[in-house]
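Q: Just one file: upload.csv, with CSV, N, CA and C atoms.
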chain,number,residue,atom,x,y,z
A,134,GLN,N,-24.2,-33.0,64.4
A,134,GLN,CA,-23.5,-33.2,65.7
A,134,GLN,C,-22.3,-32.3,65.7
A,135,VAL,N,-22.2,-31.5,66.7
A,135,VAL,CA,-21.0,-30.6,66.8
A,135,VAL,C,-19.8,-31.4,67.4
A,136,GLN,N,-18.7,-31.3,66.8
A,136,GLN,CA,-17.5,-31.9,67.3
A,136,GLN,C,-16.3,-31.0,67.2
A,137,LEU,N,-15.5,-31.0,68.3
A,137,LEU,CA,-14.2,-30.3,68.3
A,137,LEU,C,-13.2,-31.4,68.4
A,138,VAL,N,-12.2,-31.5,67.5
A,138,VAL,CA,-11.2,-32.6,67.5
A,138,VAL,C,-9.8,-32.0,67.6
A,139,GLU,N,-9.2,-32.2,68.7
A,139,GLU,CA,-7.8,-31.8,68.9
A,139,GLU,C,-6.8,-32.7,68.3
A,140,SER,N,-5.7,-32.2,67.8
A,140,SER,CA,-4.6,-33.0,67.4
A,140,SER,C,-3.3,-32.3,67.6
A,141,GLY,N,-2.2,-33.0,67.5
A,141,GLY,CA,-0.9,-32.4,67.6
A,141,GLY,C,-0.1,-32.6,68.9
A,142,GLY,N,-0.8,-33.3,69.8
A,142,GLY,CA,-0.1,-33.5,71.1
A,142,GLY,C,0.9,-34.6,70.9
A,143,GLY,N,1.6,-34.9,72.0
A,143,GLY,CA,2.7,-35.9,72.0
A,143,GLY,C,3.7,-35.6,73.0
A,144,LEU,N,4.9,-36.3,72.8
A,144,LEU,CA,6.0,-36.2,73.7
A,144,LEU,C,7.0,-35.2,73.1
A,145,VAL,N,7.4,-34.2,73.9
A,145,VAL,CA,8.3,-33.1,73.5
A,145,VAL,C,9.3,-32.9,74.6
A,146,GLN,N,10.5,-32.6,74.1
A,146,GLN,CA,11.6,-32.3,75.1
A,146,GLN,C,11.4,-30.9,75.6
A,147,ALA,N,11.9,-30.7,76.8
A,147,ALA,CA,11.8,-29.3,77.4
A,147,ALA,C,12.6,-28.4,76.4
A,148,GLY,N,12.0,-27.2,76.2
A,148,GLY,CA,12.6,-26.2,75.3
A,148,GLY,C,12.1,-26.4,73.9
A,149,GLY,N,11.4,-27.5,73.6
A,149,GLY,CA,10.9,-27.7,72.3
A,149,GLY,C,9.6,-27.1,72.0
A,150,SER,N,9.1,-27.4,70.8
A,150,SER,CA,7.8,-26.8,70.4
A,150,SER,C,6.8,-27.8,70.0
A,151,ALA,N,5.5,-27.4,70.0
A,151,ALA,CA,4.5,-28.3,69.5
A,151,ALA,C,3.4,-27.4,69.0
A,152,ARG,N,2.6,-27.9,68.1
A,152,ARG,CA,1.5,-27.1,67.6
A,152,ARG,C,0.2,-27.9,67.7
A,153,LEU,N,-0.7,-27.4,68.4
A,153,LEU,CA,-2.0,-28.1,68.6
A,153,LEU,C,-3.0,-27.5,67.6
A,154,SER,N,-3.8,-28.4,67.0
A,154,SER,CA,-4.9,-27.9,66.2
A,154,SER,C,-6.3,-28.4,66.8
A,155,CYS,N,-7.3,-27.6,66.5
A,155,CYS,CA,-8.6,-28.0,66.9
A,155,CYS,C,-9.5,-27.7,65.7
A,156,ALA,N,-10.0,-28.8,65.1
A,156,ALA,CA,-10.9,-28.7,64.0
A,156,ALA,C,-12.3,-28.9,64.4
A,157,ALA,N,-13.2,-28.0,64.0
A,157,ALA,CA,-14.6,-28.0,64.4
A,157,ALA,C,-15.4,-28.6,63.2
A,158,SER,N,-16.4,-29.3,63.5
A,158,SER,CA,-17.3,-29.8,62.5
A,158,SER,C,-18.8,-29.8,63.0
A,159,GLY,N,-19.7,-29.9,62.2
A,159,GLY,CA,-21.1,-29.9,62.6
A,159,GLY,C,-21.8,-28.5,62.5
A,160,ARG,N,-21.0,-27.5,62.6
A,160,ARG,CA,-21.4,-26.1,62.5
A,160,ARG,C,-20.2,-25.2,62.4
A,161,THR,N,-20.4,-24.0,61.9
A,161,THR,CA,-19.3,-23.1,61.8
A,161,THR,C,-19.2,-22.3,63.1
A,162,PHE,N,-17.9,-22.0,63.5
A,162,PHE,CA,-17.6,-21.2,64.7
A,162,PHE,C,-16.9,-19.9,64.3
A,163,SER,N,-17.1,-19.5,63.0
A,163,SER,CA,-16.4,-18.3,62.5
A,163,SER,C,-16.8,-17.1,63.2
A,164,ARG,N,-17.9,-17.1,63.9
A,164,ARG,CA,-18.4,-15.9,64.6
A,164,ARG,C,-18.3,-16.1,66.2
A,165,ASN,N,-17.6,-17.1,66.6
A,165,ASN,CA,-17.5,-17.5,68.0
A,165,ASN,C,-16.1,-17.5,68.6
A,166,ALA,N,-16.0,-17.0,69.8
A,166,ALA,CA,-14.7,-17.1,70.5
A,166,ALA,C,-14.4,-18.6,70.7
A,167,MET,N,-13.1,-18.8,70.8
A,167,MET,CA,-12.6,-20.2,71.1
A,167,MET,C,-11.5,-20.1,72.0
A,168,GLY,N,-11.2,-21.2,72.7
A,168,GLY,CA,-10.1,-21.2,73.7
A,168,GLY,C,-9.5,-22.6,73.9
A,169,TRP,N,-8.5,-22.5,74.7
A,169,TRP,CA,-7.8,-23.8,75.1
A,169,TRP,C,-7.7,-23.8,76.7
A,170,PHE,N,-7.9,-25.0,77.2
A,170,PHE,CA,-7.7,-25.2,78.6
A,170,PHE,C,-6.8,-26.4,78.7
A,171,ARG,N,-6.3,-26.6,79.9
A,171,ARG,CA,-5.4,-27.8,80.1
A,171,ARG,C,-5.7,-28.4,81.5
A,172,GLN,N,-5.4,-29.6,81.7
A,172,GLN,CA,-5.6,-30.3,83.0
A,172,GLN,C,-4.4,-31.2,83.2
A,173,ALA,N,-3.6,-30.9,84.2
A,173,ALA,CA,-2.4,-31.7,84.6
A,173,ALA,C,-2.9,-32.8,85.6
A,174,PRO,N,-2.1,-33.9,85.7
A,174,PRO,CA,-2.5,-34.9,86.6
A,174,PRO,C,-2.8,-34.4,88.0
A,175,GLY,N,-3.9,-34.8,88.6
A,175,GLY,CA,-4.2,-34.4,90.0
A,175,GLY,C,-4.7,-33.0,90.1
A,176,LYS,N,-4.8,-32.2,89.0
A,176,LYS,CA,-5.2,-30.8,89.1
A,176,LYS,C,-6.5,-30.5,88.4
A,177,GLY,N,-7.1,-29.4,88.6
A,177,GLY,CA,-8.3,-29.0,87.9
A,177,GLY,C,-8.0,-28.5,86.5
A,178,ARG,N,-9.0,-28.3,85.7
A,178,ARG,CA,-8.8,-27.8,84.4
A,178,ARG,C,-8.6,-26.3,84.4
A,179,GLU,N,-7.6,-25.8,83.8
A,179,GLU,CA,-7.2,-24.4,83.9
A,179,GLU,C,-7.2,-23.7,82.5
A,180,PHE,N,-7.6,-22.5,82.5
A,180,PHE,CA,-7.5,-21.7,81.3
A,180,PHE,C,-6.1,-21.5,80.8
A,181,VAL,N,-6.0,-21.6,79.4
A,181,VAL,CA,-4.7,-21.4,78.8
A,181,VAL,C,-4.7,-20.1,77.9
A,182,ALA,N,-5.6,-20.1,77.0
A,182,ALA,CA,-5.7,-19.0,76.0
A,182,ALA,C,-7.0,-18.9,75.4
A,183,ALA,N,-7.4,-17.7,74.9
A,183,ALA,CA,-8.6,-17.6,74.2
A,183,ALA,C,-8.4,-16.6,73.0
A,184,ILE,N,-9.3,-16.7,72.0
A,184,ILE,CA,-9.2,-15.9,70.8
A,184,ILE,C,-10.6,-15.4,70.4
A,185,SER,N,-10.7,-14.2,70.1
A,185,SER,CA,-12.0,-13.6,69.7
A,185,SER,C,-12.4,-14.2,68.3
A,186,TRP,N,-13.7,-14.0,67.9
A,186,TRP,CA,-14.2,-14.6,66.7
A,186,TRP,C,-13.4,-14.2,65.5
A,187,SER,N,-12.9,-12.9,65.5
A,187,SER,CA,-12.2,-12.4,64.3
A,187,SER,C,-10.7,-12.7,64.3
A,188,GLY,N,-10.3,-13.2,65.5
A,188,GLY,CA,-8.8,-13.4,65.7
A,188,GLY,C,-8.1,-12.1,66.1
A,189,GLY,N,-8.8,-11.0,66.2
A,189,GLY,CA,-8.1,-9.8,66.4
A,189,GLY,C,-7.7,-9.6,67.9
A,190,SER,N,-8.3,-10.4,68.8
A,190,SER,CA,-8.0,-10.3,70.2
A,190,SER,C,-7.7,-11.7,70.7
A,191,THR,N,-6.6,-11.7,71.5
A,191,THR,CA,-6.2,-12.9,72.2
A,191,THR,C,-5.9,-12.6,73.7
A,192,TYR,N,-6.0,-13.7,74.5
A,192,TYR,CA,-5.7,-13.5,75.9
A,192,TYR,C,-5.0,-14.8,76.4
A,193,TYR,N,-4.0,-14.6,77.2
A,193,TYR,CA,-3.2,-15.8,77.6
A,193,TYR,C,-3.1,-15.8,79.2
A,194,THR,N,-3.1,-16.9,79.8
A,194,THR,CA,-2.7,-17.0,81.2
A,194,THR,C,-1.3,-16.6,81.3
A,195,ASP,N,-0.9,-16.1,82.5
A,195,ASP,CA,0.4,-15.5,82.6
A,195,ASP,C,1.5,-16.5,82.4
A,196,SER,N,1.3,-17.8,82.8
A,196,SER,CA,2.4,-18.8,82.7
A,196,SER,C,2.8,-19.1,81.2
A,197,VAL,N,1.9,-18.8,80.3
A,197,VAL,CA,2.3,-19.1,78.9
A,197,VAL,C,2.5,-17.9,78.0
A,198,LYS,N,2.3,-16.7,78.6
A,198,LYS,CA,2.5,-15.5,77.8
A,198,LYS,C,4.0,-15.4,77.2
A,199,GLY,N,4.1,-15.1,76.0
A,199,GLY,CA,5.4,-15.0,75.3
A,199,GLY,C,5.9,-16.3,74.8
A,200,ARG,N,5.2,-17.4,75.2
A,200,ARG,CA,5.6,-18.7,74.7
A,200,ARG,C,4.6,-19.4,73.8
A,201,PHE,N,3.3,-19.1,74.1
A,201,PHE,CA,2.2,-19.7,73.3
A,201,PHE,C,1.6,-18.7,72.4
A,202,THR,N,1.1,-19.1,71.3
A,202,THR,CA,0.4,-18.2,70.4
A,202,THR,C,-0.8,-18.9,69.8
A,203,LEU,N,-2.0,-18.2,70.0
A,203,LEU,CA,-3.2,-18.8,69.5
A,203,LEU,C,-3.7,-18.1,68.3
A,204,SER,N,-4.1,-18.8,67.3
A,204,SER,CA,-4.5,-18.2,66.0
A,204,SER,C,-5.7,-19.1,65.5
A,205,ARG,N,-6.3,-18.5,64.5
A,205,ARG,CA,-7.5,-19.3,63.9
A,205,ARG,C,-7.6,-19.0,62.4
A,206,ASP,N,-8.2,-20.0,61.7
A,206,ASP,CA,-8.5,-19.9,60.3
A,206,ASP,C,-9.9,-20.2,60.2
A,207,ASN,N,-10.7,-19.2,60.1
A,207,ASN,CA,-12.2,-19.3,60.0
A,207,ASN,C,-12.6,-20.0,58.8
A,208,ALA,N,-11.9,-19.9,57.7
A,208,ALA,CA,-12.3,-20.6,56.5
A,208,ALA,C,-12.2,-22.2,56.7
A,209,LYS,N,-11.3,-22.6,57.6
A,209,LYS,CA,-11.1,-24.0,57.9
A,209,LYS,C,-11.8,-24.4,59.2
A,210,ASN,N,-12.4,-23.4,59.8
A,210,ASN,CA,-13.1,-23.8,61.1
A,210,ASN,C,-12.2,-24.4,62.1
A,211,THR,N,-10.9,-23.9,62.1
A,211,THR,CA,-9.9,-24.5,62.9
A,211,THR,C,-9.1,-23.4,63.7
A,212,VAL,N,-8.7,-23.8,64.9
A,212,VAL,CA,-7.8,-22.9,65.7
A,212,VAL,C,-6.5,-23.7,66.0
A,213,TYR,N,-5.5,-22.9,66.2
A,213,TYR,CA,-4.1,-23.5,66.4
A,213,TYR,C,-3.5,-22.9,67.6
A,214,LEU,N,-2.8,-23.7,68.4
A,214,LEU,CA,-2.1,-23.3,69.5
A,214,LEU,C,-0.6,-23.6,69.3
A,215,GLN,N,0.2,-22.6,69.0
A,215,GLN,CA,1.6,-22.8,68.8
A,215,GLN,C,2.3,-22.7,70.2
A,216,MET,N,3.0,-23.7,70.6
A,216,MET,CA,3.6,-23.8,71.9
A,216,MET,C,5.1,-23.8,71.8
A,217,ASN,N,5.8,-22.8,72.2
A,217,ASN,CA,7.3,-22.8,72.1
A,217,ASN,C,7.9,-22.8,73.5
A,218,SER,N,9.2,-23.1,73.6
A,218,SER,CA,9.9,-23.1,74.9
A,218,SER,C,9.1,-23.9,75.9
A,219,LEU,N,8.7,-25.1,75.6
A,219,LEU,CA,7.9,-25.9,76.5
A,219,LEU,C,8.7,-26.3,77.7
A,220,LYS,N,7.9,-26.3,78.8
A,220,LYS,CA,8.5,-26.7,80.1
A,220,LYS,C,7.8,-27.9,80.6
A,221,PRO,N,8.4,-28.7,81.5
A,221,PRO,CA,7.8,-29.9,82.1
A,221,PRO,C,6.4,-29.5,82.7
A,222,GLU,N,6.3,-28.3,83.3
A,222,GLU,CA,5.0,-28.0,83.9
A,222,GLU,C,3.9,-27.7,82.9
A,223,ASP,N,4.2,-27.7,81.6
A,223,ASP,CA,3.2,-27.6,80.6
A,223,ASP,C,2.5,-28.9,80.3
A,224,THR,N,3.1,-30.0,80.9
A,224,THR,CA,2.5,-31.3,80.7
A,224,THR,C,1.1,-31.4,81.2
A,225,ALA,N,0.2,-31.8,80.3
A,225,ALA,CA,-1.2,-31.8,80.6
A,225,ALA,C,-2.0,-32.3,79.4
A,226,VAL,N,-3.3,-32.6,79.7
A,226,VAL,CA,-4.2,-32.8,78.6
A,226,VAL,C,-4.8,-31.5,78.2
A,227,TYR,N,-4.7,-31.2,76.9
A,227,TYR,CA,-5.1,-29.9,76.4
A,227,TYR,C,-6.5,-30.0,75.7
A,228,TYR,N,-7.4,-29.2,76.1
A,228,TYR,CA,-8.8,-29.2,75.6
A,228,TYR,C,-9.1,-27.9,74.8
A,229,CYS,N,-9.7,-28.1,73.7
A,229,CYS,CA,-10.2,-27.0,72.9
A,229,CYS,C,-11.7,-26.8,73.3
A,230,ALA,N,-12.1,-25.5,73.2
A,230,ALA,CA,-13.5,-25.2,73.6
A,230,ALA,C,-14.0,-24.1,72.7
A,231,ALA,N,-15.3,-24.0,72.5
A,231,ALA,CA,-15.9,-23.0,71.7
A,231,ALA,C,-17.1,-22.4,72.4
A,232,SER,N,-17.3,-21.1,72.3
A,232,SER,CA,-18.4,-20.4,72.9
A,232,SER,C,-19.6,-20.4,71.9
A,233,ASP,N,-20.8,-20.4,72.5
A,233,ASP,CA,-22.0,-20.2,71.7
A,233,ASP,C,-22.3,-18.7,71.4
A,234,SER,N,-21.7,-17.8,72.2
A,234,SER,CA,-22.0,-16.4,72.0
A,234,SER,C,-21.4,-16.0,70.7
A,235,SER,N,-22.2,-15.3,69.9
A,235,SER,CA,-21.8,-15.0,68.5
A,235,SER,C,-21.5,-13.5,68.3
A,236,GLY,N,-20.4,-13.2,67.6
A,236,GLY,CA,-20.1,-11.9,67.1
A,236,GLY,C,-19.8,-10.8,68.1
A,237,ILE,N,-19.4,-11.2,69.3
A,237,ILE,CA,-19.1,-10.2,70.3
A,237,ILE,C,-17.7,-9.7,70.1
A,238,TYR,N,-17.6,-8.4,69.9
A,238,TYR,CA,-16.3,-7.8,69.6
A,238,TYR,C,-15.3,-8.0,70.7
A,239,ALA,N,-14.1,-8.5,70.4
A,239,ALA,CA,-12.9,-8.6,71.3
A,239,ALA,C,-13.2,-9.5,72.5
A,240,TYR,N,-14.2,-10.4,72.3
A,240,TYR,CA,-14.6,-11.3,73.4
A,240,TYR,C,-13.6,-12.5,73.5
A,241,THR,N,-12.9,-12.6,74.6
A,241,THR,CA,-12.0,-13.7,74.9
A,241,THR,C,-12.3,-14.3,76.2
A,242,PRO,N,-13.3,-15.2,76.2
A,242,PRO,CA,-13.7,-15.8,77.5
A,242,PRO,C,-12.6,-16.6,78.2
A,243,LYS,N,-12.6,-16.5,79.5
A,243,LYS,CA,-11.6,-17.1,80.3
A,243,LYS,C,-12.1,-18.2,81.3
A,244,GLU,N,-13.4,-18.3,81.4
A,244,GLU,CA,-14.0,-19.2,82.4
A,244,GLU,C,-14.6,-20.4,81.7
A,245,ARG,N,-14.6,-21.5,82.4
A,245,ARG,CA,-15.1,-22.7,81.8
A,245,ARG,C,-16.6,-22.6,81.4
A,246,TYR,N,-17.4,-21.9,82.3
A,246,TYR,CA,-18.8,-21.8,82.0
A,246,TYR,C,-19.1,-20.9,80.8
A,247,GLU,N,-18.2,-20.2,80.3
A,247,GLU,CA,-18.4,-19.4,79.1
A,247,GLU,C,-18.3,-20.2,77.8
A,248,TYR,N,-17.9,-21.4,77.9
A,248,TYR,CA,-17.8,-22.3,76.8
A,248,TYR,C,-18.9,-23.3,76.7
A,249,ASN,N,-19.4,-23.6,75.5
A,249,ASN,CA,-20.5,-24.6,75.4
A,249,ASN,C,-20.1,-25.9,74.8
A,250,TYR,N,-19.0,-25.9,74.0
A,250,TYR,CA,-18.6,-27.1,73.3
A,250,TYR,C,-17.1,-27.4,73.7
A,251,TRP,N,-16.8,-28.7,73.9
A,251,TRP,CA,-15.5,-29.1,74.3
A,251,TRP,C,-15.0,-30.3,73.5
A,252,GLY,N,-13.7,-30.3,73.2
A,252,GLY,CA,-13.1,-31.5,72.6
A,252,GLY,C,-12.8,-32.5,73.6
A,253,GLN,N,-12.3,-33.6,73.1
A,253,GLN,CA,-11.9,-34.8,74.0
A,253,GLN,C,-10.6,-34.6,74.6
A,254,GLY,N,-9.7,-33.7,74.1
A,254,GLY,CA,-8.4,-33.5,74.7
A,254,GLY,C,-7.3,-34.2,73.9
A,255,THR,N,-6.1,-33.6,74.0
A,255,THR,CA,-4.9,-34.2,73.5
A,255,THR,C,-3.8,-34.1,74.5
A,256,GLN,N,-3.1,-35.2,74.7
A,256,GLN,CA,-2.0,-35.2,75.7
A,256,GLN,C,-0.8,-34.5,75.2
A,257,VAL,N,-0.2,-33.6,76.0
A,257,VAL,CA,1.1,-33.1,75.7
A,257,VAL,C,2.0,-33.4,76.9
A,258,THR,N,3.1,-34.1,76.7
A,258,THR,CA,4.0,-34.4,77.7
A,258,THR,C,5.4,-33.8,77.4
A,259,VAL,N,5.9,-33.0,78.3
A,259,VAL,CA,7.2,-32.4,78.1
A,259,VAL,C,8.2,-33.0,79.1
A,260,SER,N,9.2,-33.6,78.5
A,260,SER,CA,10.2,-34.3,79.3
A,260,SER,C,11.4,-33.4,79.6
A,261,SER,N,11.9,-33.5,80.8
A,261,SER,CA,13.0,-32.7,81.2
A,261,SER,C,14.4,-33.3,80.8
Please go through the file and, once you have read it, give me the structure as structure tokens.
A:
Amino acid sequence: QVQLVESGGGLVQAGGSARLSCAASGRTFSRNAMGWFRQAPGKGREFVAAISWSGGSTYYTDSVKGRFTLSRDNAKNTVYLQMNSLKPEDTAVYYCAASDSSGIYAYTPKERYEYNYWGQGTQVTVSS
């Protein structure tokens, strides 16, 4: 059974940092793109960031560029989202996702339909 388990959320003050982790189990995703989405209260789930299978390519939504960094450790089957300079508008449930498409060079999917596996989400609350 494939599982993506997020961790690292919590309550953070504005301007602070948090690091989210997403650990995969049940199969390896070392040849698959992975990404993060978030959903704020009353809003739809939006794309945050994606990373290619090798880690050589990343893509970020404009609102987090320069503040968030996505990385991966394929040996640990884990991706990390480092979030700095957090703002109250970053408050959301953050979801990790993995694509089933394998080995595509520089592939950083940005749409929900491009992902096949999803975690349960972790809450990040940024207080002002």
Q: Write out as a ChimeraX atom specification all residues of chain A that DSSP puts in strand (DSSP E) for this structure's backbone.
A: /A:136-140,143-146,151-158,165-172,178-184,191-193,201-206,211-216,225-235,250-251,255-260
Q: Would you mind listing what lies within 5 Å of range 245-258 of chain A as a PyMOL selection string, with all atoms listed in the file counted and same-chain residues fewer than 2 positions away left out?
A: chain A and resi 137+142-145+224-233+243+260
Q: For Arg152 in chain A, which residue out of A:Ala173, A:Leu203, A:Val259, A:Ala239 is the nearest one, using only C-alpha atoms?
A: A:Leu203
Q: Go through A:Pro221, A:Gly168, A:Gly236, A:Gly149 and flag the residue nearest Thr191 in chain A, using only C-alpha atoms for the distances.
A: A:Gly168
Q: Within 8 Å of Val181 in chain A, counting all atoms listed in the file, which residues show up once you throw out same-chain ones fewer than 6 positions away? Write them as a VMD selection string, please.
A: chain A and resid 168 to 171 192 to 195 197 to 198 243
Q: Point out the residue among A:Glu139, A:Ser204, A:Tyr240, A:Asn217 with the least atom-to-atom distance to Ser154 in chain A, counting all atoms listed in the file.
A: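 Among A:Glu139, A:Ser204, A:Tyr240, A:Asn217, it is A:Glu139 that comes nearest to Ser154 in chain A.
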Q: Could you tell me, as number ranges by chain, which residues have any atom at most 8 Å from (-14.6, -30.4, 63.9), counting only C-alpha atoms?
A: A: 135-138, 155-159, 210-211
Q: Which residue out of A:Phe162, A:Gln172, A:Tyr238, A:Gln134 has the minimum interatomic distance to Asp223 in chain A when only N, CA and C atoms are used?
A: A:Gln172
Q: Mind the document's chain letters and residue numbers, and return as a ChimeraX atom specification the residues of chain A that DSSP labels helix (DSSP H, G or I).
A: /A:195-197,221-223,245-247
Q: Rank nothing, just name the residue among A:Arg164, A:Ser140, A:Pro174, A:Leu153 nearest to Glu222 in chain A, using only C-alpha atoms.
A: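 Closest to Glu222 in chain A of all the choices is A:Pro174.
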Q: Using Å and a single decimal, report how far CA of Pro242 in chain A sits from CA of Met167 in chain A.
A: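 Straight-line distance from CA of Met167 in chain A to CA of Pro242 in chain A works out to 7.8 Å.
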